[in-house]
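All remarks here apply to the structure that follows.
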Amino acid sequence: MPRGRSDRNERVITELYKALISKDTDTMHRLLAPDLEWWFHGPPSHRHHLIPLLTGSPSSSTSSKPLVPDVIVGFGSVIVAEGYDETNLVWWVHAWTATDDGIITEVREYVNTSVTVTKLGLHAPPSQTVASSNVVAVASMCQSIWQSKLCDESVPGLILAI
């Protein structure tokens with residue numbers, strides 16, 4: 001994946017977390033699509049860990065500490081941020097998707113879940129064509145490119161395919 005796009009999108013996500021921490025709603029509105037798609041994976045008791053920060057609604061969480069990522073890494077249009085909320089004993093991973101214009105259109109929130117990012121691709125073996133139709137045999141290829149570091153073995157794991 002182009003590193004330039006990943007670098008730009010990492011900066012966008014870094015800017016978003018700074019806006020979340022400072023409660024800068026103008027920056028949040030500029031960076032987030034109005035129809036942001038949100039997916040949640042984790043224990044139901046932590047279902048609204050991120051949403052109050054994005055919407056400005058009161059939090060049901062006992063933590064007043066904002067989500068500060070320990071890691072932000074980009075994979076093209078997908079940017080992953082990982083952190084730990086010591087107050088609530090919550091490991092979290094956010095997988096954001098941004099457009100070429102730097103607008104965030106989707107977030108997948110993983111709470112107390114280990115996440116492995118896997119790149120899916122196609123691999124065409126050299127010189128393996130079907131003689132009668134000249135069709136190339138194509139095999140799927142999966143490559144693990146990132147894994148959560150902050151959680152322990154006690155949490156379930158998911159694979160995020162990009």
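Going by the structure tokens order, chains are called A, B, ..., each with residues numbered from 1, while ligands are numbered from 1 in the order shown.
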Could you name the residues that touch segment 19-36 of chain A at 8 Å or less, counting only C-alpha atoms, but leaving out those on the same chain fewer than 5 positions away, as a list in words?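 Surrounding residues, per the criterion: Val12, Leu53, Leu54, Pro66, Leu67, Val68, Gly102, Ile103, Ile104, Thr105, Glu106 and Val107 of chain A.
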Write the selection just made, keeping N, CA, C and O atoms, as a PDB file, in the first residue's frame?
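The file below, out.pdb, is the result:
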ATOM      1  N   VAL A  12      -4.206  12.400   9.966  1.00  0.00           N
ATOM      2  CA  VAL A  12      -5.630  12.708  10.136  1.00  0.00           C
ATOM      3  C   VAL A  12      -6.129  12.101  11.444  1.00  0.00           C
ATOM      4  O   VAL A  12      -6.817  12.768  12.237  1.00  0.00           O
ATOM      5  N   LEU A  53     -17.559  10.306  23.104  1.00  0.00           N
ATOM      6  CA  LEU A  53     -16.522  11.246  22.669  1.00  0.00           C
ATOM      7  C   LEU A  53     -16.813  11.790  21.275  1.00  0.00           C
ATOM      8  O   LEU A  53     -16.567  12.959  20.989  1.00  0.00           O
ATOM      9  N   LEU A  54     -17.333  10.926  20.399  1.00  0.00           N
ATOM     10  CA  LEU A  54     -17.615  11.353  19.030  1.00  0.00           C
ATOM     11  C   LEU A  54     -18.869  12.213  18.935  1.00  0.00           C
ATOM     12  O   LEU A  54     -18.964  13.082  18.075  1.00  0.00           O
ATOM     13  N   PRO A  66      -9.548  10.868  28.713  1.00  0.00           N
ATOM     14  CA  PRO A  66      -9.830  10.646  27.298  1.00  0.00           C
ATOM     15  C   PRO A  66      -9.046   9.451  26.760  1.00  0.00           C
ATOM     16  O   PRO A  66      -8.065   9.013  27.358  1.00  0.00           O
ATOM     17  N   LEU A  67      -9.498   8.951  25.626  1.00  0.00           N
ATOM     18  CA  LEU A  67      -8.810   7.855  24.961  1.00  0.00           C
ATOM     19  C   LEU A  67      -7.543   8.389  24.310  1.00  0.00           C
ATOM     20  O   LEU A  67      -7.611   9.197  23.385  1.00  0.00           O
ATOM     21  N   VAL A  68      -6.399   7.958  24.792  1.00  0.00           N
ATOM     22  CA  VAL A  68      -5.122   8.376  24.226  1.00  0.00           C
ATOM     23  C   VAL A  68      -4.457   7.135  23.655  1.00  0.00           C
ATOM     24  O   VAL A  68      -4.146   6.201  24.395  1.00  0.00           O
ATOM     25  N   GLY A 102      -9.167  12.568   3.170  1.00  0.00           N
ATOM     26  CA  GLY A 102      -8.913  12.648   4.602  1.00  0.00           C
ATOM     27  C   GLY A 102     -10.172  12.735   5.451  1.00  0.00           C
ATOM     28  O   GLY A 102     -10.112  13.167   6.598  1.00  0.00           O
ATOM     29  N   ILE A 103     -11.304  12.314   4.921  1.00  0.00           N
ATOM     30  CA  ILE A 103     -12.554  12.292   5.682  1.00  0.00           C
ATOM     31  C   ILE A 103     -12.736  10.880   6.235  1.00  0.00           C
ATOM     32  O   ILE A 103     -12.651   9.897   5.494  1.00  0.00           O
ATOM     33  N   ILE A 104     -12.989  10.788   7.523  1.00  0.00           N
ATOM     34  CA  ILE A 104     -13.147   9.499   8.181  1.00  0.00           C
ATOM     35  C   ILE A 104     -14.595   9.045   7.988  1.00  0.00           C
ATOM     36  O   ILE A 104     -15.537   9.734   8.386  1.00  0.00           O
ATOM     37  N   THR A 105     -14.756   7.866   7.383  1.00  0.00           N
ATOM     38  CA  THR A 105     -16.089   7.374   7.035  1.00  0.00           C
ATOM     39  C   THR A 105     -16.534   6.193   7.889  1.00  0.00           C
ATOM     40  O   THR A 105     -17.726   5.874   7.898  1.00  0.00           O
ATOM     41  N   GLU A 106     -15.601   5.536   8.561  1.00  0.00           N
ATOM     42  CA  GLU A 106     -15.952   4.341   9.324  1.00  0.00           C
ATOM     43  C   GLU A 106     -14.998   4.153  10.490  1.00  0.00           C
ATOM     44  O   GLU A 106     -13.820   4.479  10.397  1.00  0.00           O
ATOM     45  N   VAL A 107     -15.532   3.646  11.588  1.00  0.00           N
ATOM     46  CA  VAL A 107     -14.694   3.232  12.708  1.00  0.00           C
ATOM     47  C   VAL A 107     -15.201   1.890  13.203  1.00  0.00           C
ATOM     48  O   VAL A 107     -16.400   1.666  13.327  1.00  0.00           O
TER      49      VAL A 107
END
Asn9 of chain A surroundings by only C-alpha atoms, 8 Å radius, close-in-sequence under 5 positions cut, as a tab-separated table (two decimals) with all heavy atoms, in the first residue's frame:
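Ended up saving to part_36.tsv:
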chain	number	residue	atom	x	y	z
A	74	GLY	N	-0.86	3.10	10.00
A	74	GLY	CA	-1.72	3.14	8.83
A	74	GLY	C	-1.42	2.05	7.83
A	74	GLY	O	-0.27	1.64	7.66
A	76	GLY	N	-2.78	2.17	4.28
A	76	GLY	CA	-3.55	2.78	3.20
A	76	GLY	C	-4.72	3.55	3.78
A	76	GLY	O	-4.55	4.46	4.58
A	77	SER	N	-5.94	3.15	3.41
A	77	SER	CA	-7.14	3.86	3.88
A	77	SER	C	-7.55	3.45	5.29
A	77	SER	O	-8.38	4.11	5.90
A	77	SER	CB	-8.30	3.63	2.92
A	77	SER	OG	-8.66	2.27	2.90
A	78	VAL	N	-6.98	2.36	5.81
A	78	VAL	CA	-7.31	1.88	7.16
A	78	VAL	C	-6.20	2.28	8.12
A	78	VAL	O	-5.02	2.03	7.86
A	78	VAL	CB	-7.50	0.34	7.19
A	78	VAL	CG1	-7.75	-0.15	8.61
A	78	VAL	CG2	-8.65	-0.05	6.27
A	79	ILE	N	-6.59	2.91	9.23
A	79	ILE	CA	-5.64	3.36	10.25
A	79	ILE	C	-6.06	2.73	11.56
A	79	ILE	O	-7.22	2.82	11.95
A	79	ILE	CB	-5.63	4.91	10.38
A	79	ILE	CG1	-5.43	5.57	9.02
A	79	ILE	CG2	-4.53	5.34	11.34
A	79	ILE	CD1	-6.70	5.81	8.27
A	98	ALA	N	-10.48	6.08	6.12
A	98	ALA	CA	-10.51	7.46	5.62
A	98	ALA	C	-10.49	7.46	4.10
A	98	ALA	O	-9.91	6.58	3.47
A	98	ALA	CB	-9.31	8.24	6.16
A	102	GLY	N	-9.17	12.57	3.17
A	102	GLY	CA	-8.91	12.65	4.60
A	102	GLY	C	-10.17	12.74	5.45
A	102	GLY	O	-10.11	13.17	6.60
request  = Can you work out the spacing between atom CA of Phe40 of chain A and atom CA of Asn112 of chain A in Å, to one decimal?
outcome  =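 Separating atom CA of Phe40 of chain A from atom CA of Asn112 of chain A is a distance of 11.2 Å.
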May I have the residues within 9 Å of Ile72 of chain A as a CSV table (one decimal) with all heavy atoms, in the first residue's frame, using only C-alpha atoms and disregarding those fewer than 3 positions away in the same chain?
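The new file around35.csv reads:
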chain,number,residue,atom,x,y,z
A,10,GLU,N,-2.6,8.6,8.9
A,10,GLU,CA,-2.1,8.6,10.3
A,10,GLU,C,-2.2,10.0,10.9
A,10,GLU,O,-2.6,10.2,12.0
A,10,GLU,CB,-0.7,8.0,10.4
A,10,GLU,CG,-0.6,6.5,10.1
A,10,GLU,CD,0.8,6.0,10.1
A,10,GLU,OE1,1.7,6.6,10.8
A,10,GLU,OE2,1.1,5.0,9.4
A,13,ILE,N,-5.8,10.9,11.7
A,13,ILE,CA,-6.3,10.2,12.9
A,13,ILE,C,-5.6,10.8,14.2
A,13,ILE,O,-6.3,11.0,15.2
A,13,ILE,CB,-6.0,8.7,12.8
A,13,ILE,CG1,-6.8,8.1,11.7
A,13,ILE,CG2,-6.3,8.0,14.2
A,13,ILE,CD1,-8.3,8.4,11.7
A,14,THR,N,-4.3,11.2,14.1
A,14,THR,CA,-3.7,11.8,15.2
A,14,THR,C,-4.4,13.2,15.5
A,14,THR,O,-4.6,13.5,16.6
A,14,THR,CB,-2.2,12.1,14.9
A,14,THR,OG1,-1.6,10.8,14.7
A,14,THR,CG2,-1.5,12.8,16.0
A,69,PRO,N,-4.3,7.1,22.3
A,69,PRO,CA,-3.7,5.9,21.7
A,69,PRO,C,-2.2,5.8,22.1
A,69,PRO,O,-1.5,6.8,22.1
A,69,PRO,CB,-3.9,6.1,20.2
A,69,PRO,CG,-4.1,7.6,20.1
A,69,PRO,CD,-4.6,8.1,21.4
A,79,ILE,N,-6.6,2.9,9.2
A,79,ILE,CA,-5.6,3.4,10.2
A,79,ILE,C,-6.1,2.7,11.6
A,79,ILE,O,-7.2,2.8,12.0
A,79,ILE,CB,-5.6,4.9,10.4
A,79,ILE,CG1,-5.4,5.6,9.0
A,79,ILE,CG2,-4.5,5.3,11.3
A,79,ILE,CD1,-6.7,5.8,8.3
A,80,VAL,N,-5.1,2.1,12.2
A,80,VAL,CA,-5.4,1.4,13.5
A,80,VAL,C,-4.8,2.2,14.6
A,80,VAL,O,-3.6,2.6,14.6
A,80,VAL,CB,-4.9,0.0,13.5
A,80,VAL,CG1,-5.1,-0.7,14.8
A,80,VAL,CG2,-5.5,-0.8,12.3
A,81,ALA,N,-5.6,2.4,15.7
A,81,ALA,CA,-5.1,3.0,16.9
A,81,ALA,C,-5.4,2.0,18.1
A,81,ALA,O,-6.4,1.4,18.1
A,81,ALA,CB,-5.8,4.3,17.2
A,82,GLU,N,-4.4,1.9,19.0
A,82,GLU,CA,-4.6,1.0,20.1
A,82,GLU,C,-4.2,1.7,21.4
A,82,GLU,O,-3.3,2.5,21.4
A,82,GLU,CB,-3.6,-0.2,19.9
A,82,GLU,CG,-3.7,-1.2,21.1
A,82,GLU,CD,-2.8,-2.4,20.9
A,82,GLU,OE1,-1.7,-2.3,20.2
A,82,GLU,OE2,-3.1,-3.5,21.4
DSSP on the backbone: what in segment 68-103 of chain A comes out strand (DSSP E), as a PyMOL selection string? chain A and resi 71-75+78-85+90-98
Check: Which polymer residues have any atom within 7 Å of an atom of Ser114 of chain A, counting only C-alpha atoms, with same-chain residues fewer than 5 positions away left out, as a VMD selection string?
Finding: chain A and resid 148 151 155 to 158
Selection export as an mmCIF file, in the first residue's frame, atoms kept: C-alpha atoms:
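Writing done, so here's selection.cif:
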data_model
loop_
_atom_site.group_PDB
_atom_site.id
_atom_site.type_symbol
_atom_site.label_atom_id
_atom_site.label_comp_id
_atom_site.auth_asym_id
_atom_site.auth_seq_id
_atom_site.Cartn_x
_atom_site.Cartn_y
_atom_site.Cartn_z
ATOM 1 C CA SER A 148 -2.570 -5.932 19.167
ATOM 2 C CA CYS A 151 -4.029 -6.951 25.630
ATOM 3 C CA VAL A 155 -9.424 -11.816 25.624
ATOM 4 C CA PRO A 156 -10.990 -13.151 22.411
ATOM 5 C CA GLY A 157 -9.255 -12.471 19.128
ATOM 6 C CA LEU A 158 -10.533 -11.233 15.777
#
(request) Assign secondary structure with DSSP using the backbone only, and return the residues of segment 3-38 of chain A in helix (DSSP H, G or I) as a ChimeraX atom specification. (result) /A:3-22,25-31
(Q) I need the residue nearest Trp96 of chain A from this list: A:Val115, A:Glu37, A:Arg5, A:Ser154. Use only C-alpha atoms for the distance. (A)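 Checking each of A:Val115, A:Glu37, A:Arg5, A:Ser154 against Trp96 of chain A, counting only C-alpha atoms, the winner is A:Glu37.
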With distances taken over only C-alpha atoms, the candidate from A:Trp39, A:Trp92, A:Phe75, A:Tyr84 nearest Arg108 of chain A is A:Trp39
| request: Would you please work out which residue, of A:Ile162, A:Val111, A:Leu120, A:Val73, is nearest to Met141 of chain A when using only C-alpha atoms? | output: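 For Met141 of chain A, the nearest of the candidates is A:Leu120.
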Students should find that atom CA of Ala161 of chain A and atom CA of Val93 of chain A are spaced 14.5 Å
The distance between atom CA of Trp38 of chain A and atom CA of Ile51 of chain A is 8.6 Å
